[in-house]
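Heads up, model02.csv below (CSV, C-alpha atoms):
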```csv
chain,number,residue,atom,x,y,z
A,489,MET,CA,19.4,-40.9,15.4
A,490,PRO,CA,22.3,-40.4,17.8
A,491,THR,CA,24.0,-37.1,18.7
A,492,SER,CA,27.2,-38.6,17.3
A,493,ARG,CA,26.1,-38.1,13.7
A,494,PRO,CA,28.3,-35.3,12.2
A,495,ASP,CA,26.5,-32.0,11.7
A,496,LEU,CA,23.2,-33.2,13.3
A,497,SER,CA,21.5,-30.5,15.3
A,498,PHE,CA,18.8,-30.7,17.9
A,499,ASN,CA,16.3,-28.0,18.9
A,500,GLU,CA,15.3,-27.0,22.4
A,501,SER,CA,12.8,-30.0,22.6
A,502,GLY,CA,15.5,-32.5,21.6
A,503,VAL,CA,14.2,-33.1,18.1
A,504,CYS,CA,16.9,-33.5,15.4
A,505,ASP,CA,16.8,-31.7,12.1
A,506,ALA,CA,16.2,-35.0,10.2
A,507,CYS,CA,12.8,-35.3,12.0
A,508,ARG,CA,12.1,-31.6,11.5
A,509,ALA,CA,12.8,-31.9,7.8
A,510,VAL,CA,10.1,-34.6,7.6
A,511,GLU,CA,7.6,-32.3,9.3
A,512,LYS,CA,8.6,-29.5,6.9
A,513,LYS,CA,7.9,-31.8,4.0
A,514,LYS,CA,4.3,-32.1,5.1
A,515,GLU,CA,3.9,-28.4,4.7
A,516,ILE,CA,5.3,-28.3,1.2
A,517,ASP,CA,2.9,-27.8,-1.7
A,518,TRP,CA,4.4,-30.6,-3.9
A,519,ASN,CA,2.3,-29.5,-6.9
A,520,ASP,CA,4.0,-26.1,-6.8
A,521,ARG,CA,7.4,-27.8,-6.6
A,522,LYS,CA,6.4,-30.0,-9.6
A,523,LYS,CA,5.5,-26.9,-11.5
A,524,ASP,CA,8.9,-25.4,-10.7
A,525,PHE,CA,10.5,-28.4,-12.2
A,526,GLU,CA,8.3,-28.2,-15.3
A,527,LYS,CA,9.2,-24.5,-15.8
A,528,ILE,CA,12.9,-25.4,-15.9
A,529,PHE,CA,12.4,-27.7,-18.9
A,530,LYS,CA,9.5,-25.8,-20.5
A,531,ASN,CA,11.7,-24.2,-23.1
A,532,LYS,CA,13.6,-27.3,-24.1
A,533,LYS,CA,14.0,-27.6,-27.9
A,534,GLU,CA,12.3,-30.6,-29.4
A,535,ASN,CA,14.8,-30.8,-32.3
A,536,SER,CA,17.9,-29.8,-30.2
A,537,SER,CA,21.0,-31.9,-30.8
A,538,ASN,CA,21.8,-31.7,-27.1
A,539,TYR,CA,20.5,-34.0,-24.4
A,540,ASP,CA,18.0,-32.4,-22.1
A,541,CYS,CA,19.8,-33.5,-18.9
A,542,LEU,CA,22.4,-35.8,-17.6
A,543,ILE,CA,21.6,-38.4,-14.9
A,544,PRO,CA,24.3,-40.1,-12.9
A,545,VAL,CA,23.2,-43.7,-12.4
A,546,SER,CA,24.3,-46.8,-10.4
A,547,GLY,CA,21.3,-49.0,-10.9
A,548,GLY,CA,20.1,-48.1,-7.4
A,549,LYS,CA,16.8,-46.7,-6.2
A,550,ASP,CA,17.6,-43.0,-6.5
A,551,SER,CA,18.9,-43.2,-10.1
A,552,HIS,CA,15.9,-45.3,-11.2
A,553,LEU,CA,13.4,-42.9,-9.7
A,554,THR,CA,15.2,-39.9,-11.2
A,555,LEU,CA,15.1,-41.6,-14.6
A,556,TYR,CA,11.5,-42.5,-14.1
A,557,TYR,CA,10.5,-38.8,-13.6
A,558,ALA,CA,12.8,-37.6,-16.4
A,559,LYS,CA,12.1,-40.2,-19.1
A,560,VAL,CA,8.7,-41.7,-18.3
A,561,VAL,CA,6.8,-38.8,-16.7
A,562,TYR,CA,8.3,-35.8,-18.6
A,563,GLY,CA,9.6,-37.4,-21.8
A,564,LEU,CA,13.1,-35.8,-21.5
A,565,ASN,CA,16.0,-37.2,-23.4
A,566,PRO,CA,18.7,-37.8,-20.8
A,567,LEU,CA,22.3,-39.0,-21.1
A,568,CYS,CA,23.0,-41.4,-18.3
A,569,VAL,CA,26.5,-42.0,-16.9
A,570,CYS,CA,27.7,-44.7,-14.5
A,571,PHE,CA,31.0,-44.4,-12.7
A,572,GLU,CA,32.1,-48.1,-12.2
A,573,PRO,CA,31.4,-49.3,-8.6
A,574,THR,CA,34.4,-50.6,-6.7
A,575,LEU,CA,33.2,-54.2,-6.4
A,576,PRO,CA,30.1,-54.5,-8.6
A,577,THR,CA,27.4,-57.1,-7.6
A,578,LYS,CA,25.3,-59.3,-9.9
A,579,ILE,CA,22.1,-57.5,-9.0
A,580,GLY,CA,23.8,-54.2,-9.5
A,581,ARG,CA,24.8,-55.1,-13.0
A,582,GLU,CA,21.2,-56.3,-13.8
A,583,ASN,CA,19.7,-53.1,-12.5
A,584,LEU,CA,22.2,-51.0,-14.5
A,585,GLU,CA,21.3,-53.0,-17.6
A,586,ASN,CA,17.6,-52.3,-16.9
A,587,ILE,CA,18.4,-48.6,-17.1
A,588,SER,CA,19.7,-49.1,-20.7
A,589,LYS,CA,16.6,-51.1,-21.5
A,590,LEU,CA,14.4,-48.1,-20.6
A,591,GLY,CA,15.7,-46.5,-23.7
A,592,VAL,CA,18.5,-44.2,-22.9
A,593,ASP,CA,22.1,-43.7,-23.9
A,594,LEU,CA,24.4,-44.8,-21.1
A,595,ILE,CA,28.1,-44.1,-20.7
A,596,HIS,CA,29.8,-46.6,-18.4
A,597,VAL,CA,33.1,-45.1,-17.1
A,598,LYS,CA,35.6,-47.7,-16.1
A,599,GLN,CA,38.6,-46.3,-14.2
A,600,ASN,CA,42.2,-47.0,-14.8
A,601,PRO,CA,42.3,-50.0,-12.4
A,602,ASN,CA,46.0,-49.5,-11.4
A,603,VAL,CA,45.4,-46.0,-10.2
A,604,TYR,CA,41.9,-46.7,-8.8
A,605,LYS,CA,43.2,-49.5,-6.5
A,606,LYS,CA,45.8,-47.2,-5.1
A,607,LEU,CA,43.3,-44.5,-4.5
A,608,ILE,CA,40.9,-46.8,-2.7
A,609,LEU,CA,43.7,-48.1,-0.4
A,610,GLU,CA,44.9,-44.5,0.2
A,611,GLY,CA,41.4,-43.3,1.1
A,612,LEU,CA,41.0,-46.2,3.5
A,613,LYS,CA,44.4,-45.6,5.2
A,614,ARG,CA,44.3,-41.8,5.3
A,615,VAL,CA,40.7,-40.9,6.2
A,616,GLY,CA,39.1,-44.3,7.0
A,617,ASP,CA,37.0,-44.2,3.9
A,618,ASN,CA,37.2,-47.2,1.5
A,619,GLU,CA,34.9,-45.4,-1.0
A,620,TRP,CA,36.5,-42.0,-1.0
A,621,ALA,CA,37.8,-42.4,-4.6
A,622,ASN,CA,34.5,-43.7,-5.8
A,623,HIS,CA,32.6,-40.8,-4.3
A,624,MET,CA,35.0,-38.4,-5.8
A,625,GLY,CA,34.4,-39.9,-9.2
A,626,ILE,CA,30.6,-40.0,-8.8
A,627,TRP,CA,30.5,-36.3,-8.0
A,628,SER,CA,33.0,-35.1,-10.5
A,629,VAL,CA,32.7,-37.2,-13.7
A,630,PRO,CA,29.1,-36.2,-14.4
A,631,VAL,CA,30.0,-32.5,-14.3
A,632,HIS,CA,32.9,-33.1,-16.7
A,633,LEU,CA,30.6,-34.9,-19.1
A,634,ALA,CA,27.8,-32.3,-18.8
A,635,ILE,CA,30.4,-29.6,-19.7
A,636,ASN,CA,31.8,-31.5,-22.6
A,637,PHE,CA,28.4,-32.5,-24.1
A,638,ASP,CA,27.0,-29.0,-23.3
A,639,ILE,CA,24.1,-30.5,-21.3
A,640,PRO,CA,22.3,-27.8,-19.2
A,641,TYR,CA,21.2,-29.9,-16.2
A,642,ILE,CA,22.4,-32.7,-14.1
A,643,LEU,CA,19.7,-34.5,-12.1
A,644,TRP,CA,20.7,-36.0,-8.8
A,645,GLY,CA,18.4,-37.8,-6.3
A,646,GLU,CA,17.7,-36.6,-2.7
A,647,ALA,CA,20.2,-34.4,-1.0
A,648,PRO,CA,21.6,-36.8,1.8
A,649,GLN,CA,21.2,-34.2,4.5
A,650,MET,CA,17.5,-33.9,3.9
A,651,GLU,CA,17.0,-37.6,4.4
A,652,TYR,CA,19.5,-38.5,7.1
A,653,GLY,CA,20.1,-35.2,9.0
A,654,GLY,CA,22.5,-32.3,9.0
A,655,SER,CA,20.2,-30.1,6.9
A,656,GLU,CA,20.5,-27.2,9.3
A,657,THR,CA,24.1,-26.6,8.2
A,658,VAL,CA,23.1,-26.6,4.5
A,659,SER,CA,22.2,-23.4,2.7
A,660,GLU,CA,18.8,-23.1,1.2
A,661,ILE,CA,20.2,-23.1,-2.4
A,662,ASN,CA,22.3,-26.2,-1.7
A,663,LYS,CA,19.1,-28.1,-0.7
A,664,ASN,CA,18.0,-28.0,-4.3
A,665,GLN,CA,21.2,-27.3,-6.3
A,666,PHE,CA,24.4,-29.2,-6.5
A,667,THR,CA,27.6,-27.0,-6.7
A,668,GLU,CA,31.3,-27.3,-6.0
A,669,ASP,CA,30.5,-25.7,-2.6
A,670,TRP,CA,28.1,-28.6,-1.9
A,671,LEU,CA,30.8,-31.0,-2.9
A,672,ASN,CA,33.4,-29.4,-0.6
A,673,ASP,CA,31.1,-29.0,2.4
A,674,TYR,CA,28.8,-32.1,2.3
A,675,GLY,CA,30.2,-34.5,-0.3
A,676,CYS,CA,31.9,-37.0,2.0
A,677,LEU,CA,35.5,-35.8,1.1
A,678,ASN,CA,36.7,-35.9,4.7
A,679,GLY,CA,38.9,-32.9,4.1
A,680,LEU,CA,40.9,-34.8,1.4
A,681,ARG,CA,41.2,-33.4,-2.2
A,682,PRO,CA,42.2,-35.5,-5.2
A,683,GLN,CA,45.3,-33.3,-5.6
A,684,ASP,CA,46.4,-34.6,-2.1
A,685,MET,CA,46.7,-38.0,-3.6
A,686,VAL,CA,49.7,-37.1,-5.9
A,687,ASP,CA,52.4,-39.4,-4.7
A,688,GLU,CA,55.6,-40.1,-6.7
A,689,GLU,CA,56.6,-43.0,-4.6
A,690,ASN,CA,53.1,-44.6,-5.0
A,691,GLY,CA,53.1,-43.9,-8.7
A,692,ILE,CA,50.2,-41.5,-8.7
A,693,SER,CA,50.6,-38.3,-10.8
A,694,LEU,CA,48.3,-35.3,-11.3
A,695,ASP,CA,47.5,-36.6,-14.8
A,696,ASP,CA,46.1,-39.8,-13.2
A,697,LEU,CA,43.6,-37.8,-11.3
A,698,LYS,CA,41.9,-35.8,-14.1
A,699,LEU,CA,38.6,-37.8,-13.7
A,700,TYR,CA,38.5,-37.1,-10.0
A,701,ILE,CA,39.2,-33.4,-9.9
A,702,TYR,CA,36.1,-31.2,-10.1
A,703,PRO,CA,36.1,-28.9,-13.2
A,704,SER,CA,37.6,-25.4,-12.7
A,705,LEU,CA,35.3,-22.5,-11.7
A,706,ALA,CA,36.0,-20.9,-15.1
A,707,ALA,CA,34.8,-24.1,-16.9
A,708,VAL,CA,31.7,-24.3,-14.7
A,709,GLU,CA,30.8,-20.7,-15.3
A,710,LYS,CA,31.3,-21.0,-19.0
A,711,TRP,CA,29.1,-24.1,-19.1
A,712,GLY,CA,26.4,-22.2,-17.1
A,713,GLY,CA,24.5,-25.4,-16.2
A,714,LYS,CA,23.1,-26.6,-12.9
A,715,GLY,CA,22.9,-29.7,-10.8
A,716,LEU,CA,19.4,-30.2,-9.3
A,717,PHE,CA,18.4,-32.4,-6.4
A,718,MET,CA,15.1,-34.2,-7.5
A,719,GLY,CA,14.1,-34.6,-3.8
A,720,HIS,CA,13.5,-30.8,-3.8
A,721,PHE,CA,10.9,-31.1,-6.5
A,722,PHE,CA,9.3,-34.5,-5.7
A,723,LYS,CA,8.4,-36.1,-2.5
A,724,TRP,CA,11.2,-38.7,-1.8
A,725,ASN,CA,9.3,-41.4,0.1
A,726,ILE,CA,11.0,-44.8,0.0
A,727,PRO,CA,8.0,-47.2,0.1
A,728,GLU,CA,6.2,-45.2,-2.6
A,729,ASN,CA,9.4,-44.9,-4.6
A,730,LEU,CA,9.9,-48.6,-4.5
A,731,ASP,CA,6.5,-49.2,-5.9
A,732,LEU,CA,7.2,-46.9,-8.8
A,733,ILE,CA,10.6,-48.2,-9.7
A,734,GLU,CA,9.7,-51.8,-9.5
A,735,LYS,CA,7.1,-51.2,-12.1
A,736,ILE,CA,9.9,-50.1,-14.5
A,737,GLY,CA,12.0,-53.1,-13.8
A,738,TRP,CA,14.2,-52.3,-10.8
A,739,LYS,CA,14.9,-55.5,-8.7
A,740,ARG,CA,15.7,-56.1,-5.0
A,741,ARG,CA,18.6,-58.2,-4.0
A,742,MET,CA,18.1,-61.8,-2.7
A,743,GLY,CA,18.6,-61.6,1.1
A,744,ARG,CA,19.4,-58.6,3.2
A,745,SER,CA,22.5,-56.5,3.1
A,746,GLU,CA,25.1,-57.6,5.7
A,747,VAL,CA,25.0,-54.3,7.6
A,748,THR,CA,21.2,-53.7,7.8
A,749,TYR,CA,17.9,-55.5,7.8
A,750,THR,CA,16.6,-54.4,4.4
A,751,ASP,CA,16.9,-56.0,0.9
A,752,THR,CA,17.0,-52.6,-0.9
A,753,GLU,CA,20.1,-50.8,0.5
A,754,LYS,CA,23.7,-50.9,-0.7
A,755,GLN,CA,23.1,-53.6,-3.3
A,756,ASP,CA,25.1,-52.3,-6.2
A,757,CYS,CA,28.6,-52.8,-4.7
A,758,TYR,CA,30.2,-55.2,-2.2
A,759,SER,CA,32.4,-52.4,-0.9
A,760,MET,CA,29.6,-50.1,0.3
A,761,PRO,CA,28.6,-52.2,3.3
A,762,ILE,CA,32.2,-51.8,4.5
A,763,HIS,CA,31.7,-48.0,4.2
A,764,ASP,CA,28.7,-48.2,6.5
A,765,TYR,CA,30.5,-50.5,8.9
A,766,ILE,CA,33.3,-48.0,9.2
A,767,LYS,CA,30.8,-45.3,9.9
A,768,TYR,CA,29.6,-47.5,12.8
A,769,LEU,CA,33.1,-47.7,14.2
A,770,LYS,CA,33.6,-44.0,14.0
A,771,PHE,CA,30.2,-42.8,15.3
A,772,GLY,CA,28.4,-45.7,16.9
A,773,TYR,CA,25.7,-46.0,14.3
A,774,GLY,CA,25.4,-47.6,10.8
A,775,ARG,CA,23.1,-48.4,8.0
A,776,ALA,CA,20.5,-50.2,10.2
A,777,THR,CA,20.1,-47.0,12.2
A,778,ASP,CA,19.7,-44.9,9.0
A,779,SER,CA,17.1,-47.4,7.7
A,780,ALA,CA,15.2,-47.7,10.9
A,781,CYS,CA,15.1,-43.9,11.5
A,782,ILE,CA,13.6,-43.3,8.1
A,783,ALA,CA,11.1,-46.1,8.6
A,784,VAL,CA,10.0,-44.5,11.9
A,785,ARG,CA,9.6,-41.1,10.3
A,786,ASN,CA,7.5,-42.7,7.6
A,787,ASN,CA,5.3,-44.4,10.2
A,788,GLU,CA,6.2,-47.9,8.9
A,789,ILE,CA,7.4,-49.1,12.3
A,790,ASP,CA,7.4,-47.8,15.8
A,791,ARG,CA,10.4,-46.8,17.8
A,792,ASP,CA,10.5,-50.0,19.9
A,793,GLU,CA,10.8,-52.1,16.7
A,794,ALA,CA,13.4,-49.8,15.4
A,795,VAL,CA,15.6,-50.2,18.5
A,796,ARG,CA,15.3,-54.0,18.2
A,797,LEU,CA,16.3,-54.0,14.6
A,798,VAL,CA,19.2,-51.7,15.2
A,799,GLU,CA,20.5,-53.8,18.1
A,800,LYS,CA,20.2,-56.9,16.0
A,801,TYR,CA,21.9,-55.7,12.8
A,802,ASP,CA,23.8,-52.5,13.3
A,803,GLY,CA,27.6,-52.9,13.5
A,804,ARG,CA,27.7,-56.5,12.5
A,805,TYR,CA,31.0,-57.4,11.0
A,806,PRO,CA,30.4,-57.6,7.2
A,807,LYS,CA,32.4,-60.8,6.7
A,808,GLU,CA,31.6,-61.6,3.1
A,809,CYS,CA,32.2,-58.0,1.9
A,810,VAL,CA,35.5,-57.8,3.9
A,811,GLU,CA,36.7,-61.1,2.4
A,812,ARG,CA,35.9,-59.9,-1.1
A,813,PHE,CA,37.5,-56.5,-0.5
A,814,CYS,CA,40.7,-58.0,1.0
A,815,ALA,CA,41.0,-60.6,-1.8
A,816,HIS,CA,40.6,-57.9,-4.5
A,817,PHE,CA,43.0,-55.4,-2.9
A,818,LYS,CA,45.5,-58.0,-1.7
A,819,LEU,CA,45.2,-57.2,2.0
A,820,THR,CA,45.1,-59.7,4.9
A,821,ILE,CA,42.0,-59.5,7.0
A,822,ASN,CA,44.3,-58.8,10.0
A,823,ASP,CA,45.8,-55.9,8.2
A,824,PHE,CA,42.4,-54.6,7.2
A,825,ASP,CA,41.1,-54.8,10.8
A,826,GLU,CA,44.2,-53.0,12.0
A,827,ILE,CA,43.6,-50.1,9.6
A,828,LEU,CA,40.0,-49.8,10.8
A,829,GLU,CA,41.0,-49.9,14.4
A,830,GLY,CA,42.9,-46.7,13.9
A,831,PHE,CA,39.6,-45.0,13.0
A,832,THR,CA,37.5,-46.7,15.7
A,833,ASN,CA,36.1,-44.5,18.5
A,834,LYS,CA,37.4,-46.7,21.3
A,835,SER,CA,35.3,-44.9,23.9
A,836,LEU,CA,32.2,-46.5,22.5
A,837,PHE,CA,33.3,-50.1,22.7
A,838,MET,CA,34.3,-52.6,25.3
A,839,ARG,CA,38.0,-53.3,25.9
A,840,LYS,CA,40.0,-55.7,27.9
A,841,ASP,CA,43.7,-55.2,28.6
A,842,GLY,CA,43.6,-52.3,26.2
A,843,LYS,CA,42.3,-54.4,23.3
A,844,LEU,CA,38.9,-54.1,21.7
A,845,ILE,CA,36.6,-57.1,22.6
A,846,ARG,CA,35.2,-58.9,19.6
A,847,ASP,CA,32.4,-61.5,19.5
A,848,SER,CA,33.1,-64.8,17.7
A,849,ASP,CA,31.7,-63.2,14.5
A,850,GLN,CA,34.3,-60.4,14.7
A,851,SER,CA,31.8,-57.8,15.7
A,852,LEU,CA,32.8,-55.2,18.4
A,853,VAL,CA,30.8,-55.0,21.6
A,854,MET,CA,29.3,-51.6,22.4
A,855,LYS,CA,29.4,-50.4,26.0
A,856,GLU,CA,26.2,-51.0,27.9
A,857,LYS,CA,25.7,-47.3,28.8
A,858,TYR,CA,25.4,-46.4,25.1
A,859,LEU,CA,23.0,-49.3,24.4
A,860,ASN,CA,20.9,-48.1,27.4
A,861,ASN,CA,21.0,-44.5,26.0
A,862,ARG,CA,19.6,-45.7,22.7
A,863,ARG,CA,16.9,-47.7,24.5
A,864,ASN,CA,16.1,-44.8,26.8
A,865,PRO,CA,17.3,-41.5,25.4
A,866,ILE,CA,18.5,-39.0,27.9
A,867,GLU,CA,18.5,-35.2,27.7
A,868,GLU,CA,22.0,-33.7,27.3
```
Go through the file and emit its structure as structure tokens.
Amino acid sequence: MPTSRPDLSFNESGVCDACRAVEKKKEIDWNDRKKDFEKIFKNKKENSSNYDCLIPVSGGKDSHLTLYYAKVVYGLNPLCVCFEPTLPTKIGRENLENISKLGVDLIHVKQNPNVYKKLILEGLKRVGDNEWANHMGIWSVPVHLAINFDIPYILWGEAPQMEYGGSETVSEINKNQFTEDWLNDYGCLNGLRPQDMVDEENGISLDDLKLYIYPSLAAVEKWGGKGLFMGHFFKWNIPENLDLIEKIGWKRRMGRSEVTYTDTEKQDCYSMPIHDYIKYLKFGYGRATDSACIAVRNNEIDRDEAVRLVEKYDGRYPKECVERFCAHFKLTINDFDEILEGFTNKSLFMRKDGKLIRDSDQSLVMKEKYLNNRRNPIEE
């Protein structure tokens, strides 16, 4: 994992907090953590008219595993909610349908498309995040529904900082509980609030943003519920998780994702690989690095193989996803590339006559010194 990852910290030995988090997990008594989870739901009322918990779902790995523990292992009665992906895929639809077939009520929230398209483009132009509006909906809508249905717990997957790094900046309580503080500090908002999107000229009013604005502190306190990260209570190990969720019907995509080497990542939405590609432009690493780092920590591959995979797949221009995105949002590819260039860390990539050099597949060319640093890490 490169030092360019935001909030990543290294100790005096040069070991990042993502690797240290993996070591800490080896010391955890997972049976005790499991008992902590069981205590939370010990007093649930069998004849209660309320749902036991709410689970945000997309059809992806985390939501399937969360549902597996809640429904299959513990017999809870969850309400599931899906905030519509920006550009849903066929396999994403099939996996979402599989969640319904597991025997749960599922609310599928479809946004006002006129407003949503404007928010997606504004997020892209303002902060270089084509999924800003979707992330805002994913984090806020489940809390709105939990309050309205008086559901005491929202079950999320793994806190991202525990899996990818940045956990040293996260308070201990926010490693297991989801709150508005977590959303503001770690929830990918890039310093942008839904209220900042109010734009009379663009036809976006405050009323258009009700789904995206997190409930008020007074409403949350009156509700009294909690958001819980399941990765705090159960060991979140990808290979083991895949085995569990495939047994309950979750399916992999055909072929790998455009931005990495796996067939299990970012398969629900055609827009998400673009999000990872933009991360590469900003920080010099993308989804292939994330996947390879996790695989190394899980002892699935060695570092040499990880470096080869990253050099082969990280930062490749996601042509299919870009073409779908531009067609849907009525952008030319040149306009799209020009927007992204404004968020590109140009010190990382080769230039000629002031212009970024692209290979014939439209991918940028990283400077040799940064490639060498990845192959042979240096102390800073």
Calculate how many Å separate atom CA of Leu730 of chain A from atom CA of Asp550 of chain A, rounding to one decimal.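 Atom CA of Asp550 of chain A lies at a distance of 9.7 Å from atom CA of Leu730 of chain A.
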Among the residues A:Asn861, A:Pro806, A:Ser835, A:Asp731, the one that comes closest to Asp849 of chain A [using all atoms listed in the file]: A:Pro806
My list of candidates is A:Cys504, A:Leu555, A:Val631, A:Ile543. Which is closest to Val708 of chain A when distances are computed with all atoms listed in the file? A:Val631
Given only C-alpha atoms as the counted atoms, nearest of A:Glu826, A:Asp617, A:Asp778, A:Asp540 to Gly713 of chain A: A:Asp540
Give me the residues near segment 787-792 of chain A as a list in words, where near means some atom within 10 Å (using only C-alpha atoms) and where sequence neighbours in that chain fewer than 5 positions away do not count. Pro727, Ala780, Cys781, Ile782, Leu797 and Arg863 of chain A
Quick one: residues within 12 Å of Val545 of chain A, only C-alpha atoms counted, chain neighbours fewer than 5 positions away excluded, as a count of residues only? 38
In terms of the shortest atom-to-atom distance over all atoms listed in the file, which of A:Leu836, A:Leu699, A:Leu819, A:Ala776 is closest to Ser492 of chain A? A:Leu836
From the list A:Gly691, A:Pro490, A:Gly563, A:Gly591, which residue is nearest Val603 of chain A when using only C-alpha atoms?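 Among the listed residues, A:Gly691 lies closest to Val603 of chain A.
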Can you tell me how far atom CA of Ile692 of chain A sits from atom CA of Lys818 of chain A, in Å to one decimal?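 If I compute the distance from atom CA of Ile692 of chain A to atom CA of Lys818 of chain A, I get 18.5 Å.
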Enter the distance from atom CA of Pro576 of chain A to atom CA of Gly772 of chain A, in Å, rounded to one decimal.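 Atom CA of Gly772 of chain A lies 27.0 Å from atom CA of Pro576 of chain A.
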